[in-house]
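Peer 1: Mind having a look at this structure? Questions to follow.
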2 protein chains.
Amino acid sequence: MCETAHAHASLAGIELVHTGVHGETRESRWPLVAPSQLASYYAPLAVPKAMELEDVRRIQADWVRAARQARSVGFDVVYVYGGHSYLPLQFLSPFYNKRTDEYGGSFENRARFWLETLELVREAVGDECAIAVRLSVHGLGPAGVELEEGLAFVRLADHLVDLWDVTVGALVGLTRVDSGASRFFAEGYQLAWTGRVREATAKPIVGVGRFTSPDTMAEVVRSGRLDLIGAARPSIADPFLPKKIEEGRYGEIRECIGCNVCYSRFVHGNHLGCTQNATAGEEYRRGWHPERFQRAANADRDVLVVGAGPAGMECALVLARRGLRRVHLVEAEGEIGGLMRWVAQLPGLGEWARIVNWRKAQLDRLENVEVLCATRLDTRAVREYGAEIVICATGAHWAKDGLNALTHQPIAGADATLAHVLTPEQVMLDGKRPPGQRVVVYDGEGYFTAAGIAELLAQEGHQVQLVTCLEQTAPVCDQTLEGPLLRQRLHEAGVRTHRNVTLTAIEPGLLTGEDEFSEPLELEADAVVLCTQRLSDDTLYHQLRADEEALRAERVEALYRIGDCVAPRLIADVIFDGHRLAREIDTDNPAVPLPYKRERMVVSPRP
Amino acid sequence: MCETAHAHASLAGIELVHTGVHGETRESRWPLVAPSQLASYYAPLAVPKAMELEDVRRIQADWVRAARQARSVGFDVVYVYGGHSYLPLQFLSPFYNKRTDEYGGSFENRARFWLETLELVREAVGDECAIAVRLSVHGLGPAGVELEEGLAFVRLADHLVDLWDVTVGALVGLTRVDSGASRFFAEGYQLAWTGRVREATAKPIVGVGRFTSPDTMAEVVRSGRLDLIGAARPSIADPFLPKKIEEGRYGEIRECIGCNVCYSRFVHGNHLGCTQNATAGEEYRRGWHPERFQRAANADRDVLVVGAGPAGMECALVLARRGLRRVHLVEAEGEIGGLMRWVAQLPGLGEWARIVNWRKAQLDRLENVEVLCATRLDTRAVREYGAEIVICATGAHWAKDGLNALTHQPIAGADATLAHVLTPEQVMLDGKRPPGQRVVVYDGEGYFTAAGIAELLAQEGHQVQLVTCLEQTAPVCDQTLEGPLLRQRLHEAGVRTHRNVTLTAIEPGLLTGEDEFSEPLELEADAVVLCTQRLSDDTLYHQLRADEEALRAERVEALYRIGDCVAPRLIADVIFDGHRLAREIDTDNPAVPLPYKRERMVVSPRP
């Protein structure tokens, strides 16, 4: 790794960290260790060992050994990483540290563990390595330090540190603002605190906080508040971000939308994913370069992609880059985007529009792509279009009858042709509104749709209850670090939430259901918005598939489908699906993904 | 694997399964597939693809290929596994299968996928392999089949099947009774349904359901209801279970307690653990044979183990087996067992007493062990005991002041010397009871203690509210498959539950706190039982450690501590801790575990 980084004239750094009470030791079966014997909210069953002096020495020696090893294999920067709430910060924070010995009590005592470790690491790596420290300078709550002590630590340790890597927040509840989602955090949201670190040091400072725009980055560096911009998520969305900035290719930057699917997939899915960048995590295992596309063996063909939602746009883009003669992207609606036309209108999800905007801009540049809107094709029109390859990307719609994962049945009285029963598309695209003040949004999916519509209707003055058959309100948002903030926001908007409730019948004015113990339950409501499950819009595909002879007669050689039209799922996965088909359009059977190299992991992080 | 199994005169079988809508495809990024496009309650965001005929053929071909590969490497038994709710059963069950083609509708149509797959696999492996089918013969709810159809499928497929592997239940909520915990299920609990499979077949039948006693196993086989006993968990608790039965060594069987820690650790911790068997999962990576113990290099020493809880008992047992001259296990209380003295008294946890009973029986047989109860040792008594090695295993206690993981502070007014504030030990060991009818049990840990005490007090006639600062009631029990049944039982016992509530003050008659949005909240209660976090009883250890000279003066060469006395945690892990120290008592530094071989996994199962 180091040699490869050096070959590209880059430095290689390594974050050496001990996570203390927030560690994952179920695999090793070591006891957790911490400054004091205080359980972690995340895994309170495993109370830590309060570190003895020999534990302090052992962990410091481990840090030295790790730093030496890092240096010996060529790393240029080693970290003594404290981050948001890891061991060095646990010593520094009075929330975690209740010690009465020389490692607890006064600021100097609480700083001792970190400072000693820095001294030992400095001694071990000498001048051959830079030493970086990651530090949350302001905990935004009890589980960290106040800004004043954060800056005091910078001053105290400054002579031992070559690079300050600063952040804010902690690992507890609403103070968990690292990797802040765009739903809640604006670009540069950490600067209010990290921008003040300059007061305490003349050393280089790197900071993070949703920096995605080159202009903002340049402005922050010019102002002297930061010297380097940390941008993990923007680099996942576009690994060539620095290169594109350097070369002034701003319009080509695939800007991070701040959805945190990367985080959720890495931690909960054993694979890094990205909504904007379908190649993220696929570079090695599928051999996909984010910016390089091989000319297809069947590039002399015309392709018709029916439906310009996320999957269709991505597929058309990659096919065009692979040199297909003509790529026809035909959309029934008046504009491209598919579900993104309304998803990006949900409260807080405005930046998600970049999914469409970036693809639209790239499609516009390619001469072999033709985008046609407001054109609904039937089977005959598809067959006669003149394309040898047809790809259905016709998307999905929310069930109009309450069909749901819990009962696998519609709900009695659920009929979205009635005034008091609504679907997300009706609310967002058709402007349909509840016939009265009181509305229940019923969620069977657990991600952004139901919660977003609840918030929107509350903003419009409705009295909203968000009811879910799941155990938690919007549980998928807990995987994207949005959960606690989202529920707080719903609470502030006056939305009342009910969990573990299964609706069984819908009548005007009254909803009936049962709780988790099958006890009956009634809710008064003038209307219900049904977000129970989505269903593929696959009629066109099946009609075409049913008459293969007719396809052949019109010289259609191949028929595929992609995205929600196959199976409604995460936007990142339908974009991947479109990308994948285009990457493999010239294989023996493009409908079935090629095998890939299997990644291996040793332990998975705690959720 | 096959060759090793054969070398031991055993057959090797392989469970080939497609999990359909309950699959984990976040790593592969394939869409889920299922008979019909119905979301899974477990991951409703990822709606499956309704299988096309080509998907049916592809998956059947994959099964054939897998079966051929299995046969070619020497497997004797291949499965066409449908289990509780996997793909073949999803086709069979009207809950999952709403198809209108030849694979849906009538019983024959719903059975077609499974039957065809069996025919293809039979054709592929010929007579060289036995074919087994795992089938839930009764779904206990909508997400499976009724017993009548379960038996009808056995009759229908019987000519293609050599071994019926039968179970009950499904993967949804309260019907998830596979791997039933002893808290809710008696030995042989599945026989009410699986015992009827004999009506439909003369082929061998294997069944499961918490079989742990050789007598029960023999009785069930003799009755003809089953031909083979499936016993995964009992074999984890004692891999030599069949051998010990064969040789009549019944008293040596380390009987499974039915806690499901194995399941929870395997699925949620990347490592197989077992409360009864500390060597489970350690055979390869640490080289520990469950029944073989090497004579210690320092076997000429005497050891004093202070405290006969789970860690102390296990440590003494392993030290004795390693041939230490004398092992003195000294317990302050009147009987051995530590916290198990009261934990096994909690409703439903009676079988957990096997932790103590088995160890007591083994200790009794060893001539180099001396167990002494009702003897509380102070530092001087320890030093003067005459043992060269001293091991503190003095356990832990519940905080008496409400110290908790959320605030890292005591709760105002929490003082267990008062009549209206109780700790678990006071309730269970001292007989202390609330001074009135209304009691709140406050849980900061999330496992069995608070829920068990709530149930116990409700049984005694108290009006109980179970309040937790966590997001779910007893969330750890969801990892052991106990959660839904436990909450149902609490509900039936009249226990009202509150989640996400932080208590801030305790007064006689009134508790105050806040909800997840920091909104104030009051609860009327005559008393509160505090299950916030545990704290190590480590005073003796620290006092001994503080005067190393005094230790040396009495020829004490080494001082260690194990179990909850180091860090209060899962019982399985403290037993492991005691075992580990004894296995490594003659290494350079027994206080620090030896490194072990790191296991590698490719994907981790969905929680």
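Each chain of the structure tokens is named A, B, ... in the order shown, its residues numbered from 1; ligands are numbered from 1 in display order.
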Output as JSON lines one row per residue of chain B within 6 Å of chain A: the closest atom pair and its distance in Å to one decimal place, counting only C-alpha atoms, sorted by chain and residue number ascending.
Peer 2:
{"residue": "B:Arg26", "atom": "CA", "partner": "A:Gly269", "partner_atom": "CA", "distance": 5.2}
{"residue": "B:Glu27", "atom": "CA", "partner": "A:His271", "partner_atom": "CA", "distance": 5.3}
{"residue": "B:Ala39", "atom": "CA", "partner": "A:Ala405", "partner_atom": "CA", "distance": 4.7}
{"residue": "B:Ser40", "atom": "CA", "partner": "A:Ala405", "partner_atom": "CA", "distance": 5.2}
{"residue": "B:Tyr41", "atom": "CA", "partner": "A:Ala405", "partner_atom": "CA", "distance": 4.9}
{"residue": "B:Pro44", "atom": "CA", "partner": "A:Glu445", "partner_atom": "CA", "distance": 5.1}
{"residue": "B:Leu45", "atom": "CA", "partner": "A:Glu445", "partner_atom": "CA", "distance": 5.2}
{"residue": "B:Ala46", "atom": "CA", "partner": "A:Arg569", "partner_atom": "CA", "distance": 4.5}
{"residue": "B:Val47", "atom": "CA", "partner": "A:Pro568", "partner_atom": "CA", "distance": 5.3}
{"residue": "B:Pro48", "atom": "CA", "partner": "A:Ala567", "partner_atom": "CA", "distance": 5.2}
{"residue": "B:Lys49", "atom": "CA", "partner": "A:Ala567", "partner_atom": "CA", "distance": 4.6}
{"residue": "B:Gly269", "atom": "CA", "partner": "A:Arg26", "partner_atom": "CA", "distance": 5.3}
{"residue": "B:Asn270", "atom": "CA", "partner": "A:Glu27", "partner_atom": "CA", "distance": 5.8}
{"residue": "B:His271", "atom": "CA", "partner": "A:Glu27", "partner_atom": "CA", "distance": 5.3}
{"residue": "B:Ala405", "atom": "CA", "partner": "A:Ala39", "partner_atom": "CA", "distance": 4.7}
{"residue": "B:Leu406", "atom": "CA", "partner": "A:Tyr41", "partner_atom": "CA", "distance": 5.5}
{"residue": "B:Glu445", "atom": "CA", "partner": "A:Pro44", "partner_atom": "CA", "distance": 5.1}
{"residue": "B:Val566", "atom": "CA", "partner": "A:Lys49", "partner_atom": "CA", "distance": 5.6}
{"residue": "B:Ala567", "atom": "CA", "partner": "A:Lys49", "partner_atom": "CA", "distance": 4.6}
{"residue": "B:Pro568", "atom": "CA", "partner": "A:Val47", "partner_atom": "CA", "distance": 5.3}
{"residue": "B:Arg569", "atom": "CA", "partner": "A:Ala46", "partner_atom": "CA", "distance": 4.5}
{"residue": "B:Arg600", "atom": "CA", "partner": "A:Val602", "partner_atom": "CA", "distance": 4.9}
{"residue": "B:Val602", "atom": "CA", "partner": "A:Arg600", "partner_atom": "CA", "distance": 4.9}
Peer 1: Contacts of B:Glu333 at 8 Å or less, counting only C-alpha atoms, minus same-chain residues fewer than 6 places along, as a PyMOL selection string?
Peer 2: chain B and resi 373-376
Peer 1: Would you list the contacts of stretch 544-557 of chain A as a list in words, taking every protein, DNA or RNA residue within 9 Å and counting only C-alpha atoms, but skipping same-chain residues closer than 3 positions in sequence?
Peer 2: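 Result of the neighbour search: Thr379, Arg380, Val382, Arg383, Glu384, Tyr385, Gly386, Ala387, Glu388, Ile389, Val390, Thr539, Leu540 and Tyr541 of chain A.
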Peer 1: Going by DSSP on the backbone, which residues of stretch 147-348 of chain A come out as helix (DSSP H, G or I)? List them as a PyMOL selection string.
Peer 2: chain A and resi 147-160+173-175+191-194+197-200+214-222+232-237+241-246+250-252+261-269+310-321+340-343
Peer 1: According to DSSP computed on the backbone, where in stretch 183-424 of chain A is there strand (DSSP E)? Give the residues as an MDAnalysis selection string.
Peer 2: chainID A and resid 205:207 228:229 302:306 326:330 369:372 389:392 396:398 421:422
Peer 1: I want to know what sits within 9 Å of B:Glu514, based on only C-alpha atoms, with residues of the same chain fewer than 6 positions away left out; could you give that as a compact mmCIF listing (two decimals) with all heavy atoms, in the first residue's frame?
Peer 2:
# COMPACT_ATOMS: atom_id res chain seq x y z
N ASN B 500 -36.44 3.83 26.24
CA ASN B 500 -35.85 5.14 26.01
C ASN B 500 -36.11 6.12 27.15
O ASN B 500 -36.19 7.32 26.93
CB ASN B 500 -36.39 5.78 24.73
CG ASN B 500 -35.74 5.22 23.48
OD1 ASN B 500 -34.53 5.01 23.46
ND2 ASN B 500 -36.53 4.97 22.47
N VAL B 501 -36.27 5.61 28.36
CA VAL B 501 -36.53 6.49 29.49
C VAL B 501 -35.31 6.50 30.42
O VAL B 501 -34.80 5.47 30.81
CB VAL B 501 -37.77 6.01 30.28
CG1 VAL B 501 -37.91 6.79 31.59
CG2 VAL B 501 -39.02 6.16 29.43
N THR B 502 -34.83 7.68 30.71
CA THR B 502 -33.71 7.85 31.63
C THR B 502 -34.24 8.36 32.96
O THR B 502 -34.86 9.43 33.01
CB THR B 502 -32.71 8.88 31.07
OG1 THR B 502 -32.41 8.54 29.72
CG2 THR B 502 -31.44 8.91 31.89
N LEU B 503 -34.02 7.60 34.02
CA LEU B 503 -34.42 8.08 35.35
C LEU B 503 -33.42 9.11 35.84
O LEU B 503 -32.20 8.92 35.72
CB LEU B 503 -34.50 6.93 36.35
CG LEU B 503 -35.64 5.93 36.20
CD1 LEU B 503 -35.70 5.03 37.43
CD2 LEU B 503 -36.98 6.63 36.01
N THR B 504 -33.92 10.20 36.36
CA THR B 504 -33.02 11.24 36.87
C THR B 504 -33.13 11.41 38.39
O THR B 504 -32.20 11.90 39.01
CB THR B 504 -33.30 12.59 36.20
OG1 THR B 504 -34.71 12.87 36.30
CG2 THR B 504 -32.92 12.56 34.72
N PRO B 520 -39.67 15.84 30.07
CA PRO B 520 -39.81 15.31 31.43
C PRO B 520 -40.94 14.28 31.52
O PRO B 520 -41.88 14.30 30.75
CB PRO B 520 -40.14 16.56 32.25
CG PRO B 520 -40.67 17.55 31.27
CD PRO B 520 -40.01 17.26 29.96
N LEU B 521 -40.82 13.45 32.54
CA LEU B 521 -41.69 12.28 32.65
C LEU B 521 -41.73 11.87 34.12
O LEU B 521 -40.72 11.95 34.81
CB LEU B 521 -41.04 11.22 31.77
CG LEU B 521 -41.62 9.86 31.55
CD1 LEU B 521 -41.30 9.46 30.11
CD2 LEU B 521 -40.99 8.88 32.50
N GLU B 522 -42.89 11.47 34.60
CA GLU B 522 -43.01 11.02 35.99
C GLU B 522 -43.65 9.65 36.05
O GLU B 522 -44.53 9.33 35.25
CB GLU B 522 -43.87 12.00 36.80
CG GLU B 522 -43.19 13.34 37.02
CD GLU B 522 -43.94 14.22 38.02
OE1 GLU B 522 -45.12 13.92 38.30
OE2 GLU B 522 -43.33 15.18 38.51
Peer 1: Could you work out how far atom CA of B:Trp63 lies from atom CA of B:Val267, giving the answer in Å with one decimal?
Peer 2: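 Value for the atom CA of B:Val267-atom CA of B:Trp63 distance: 24.7 Å.
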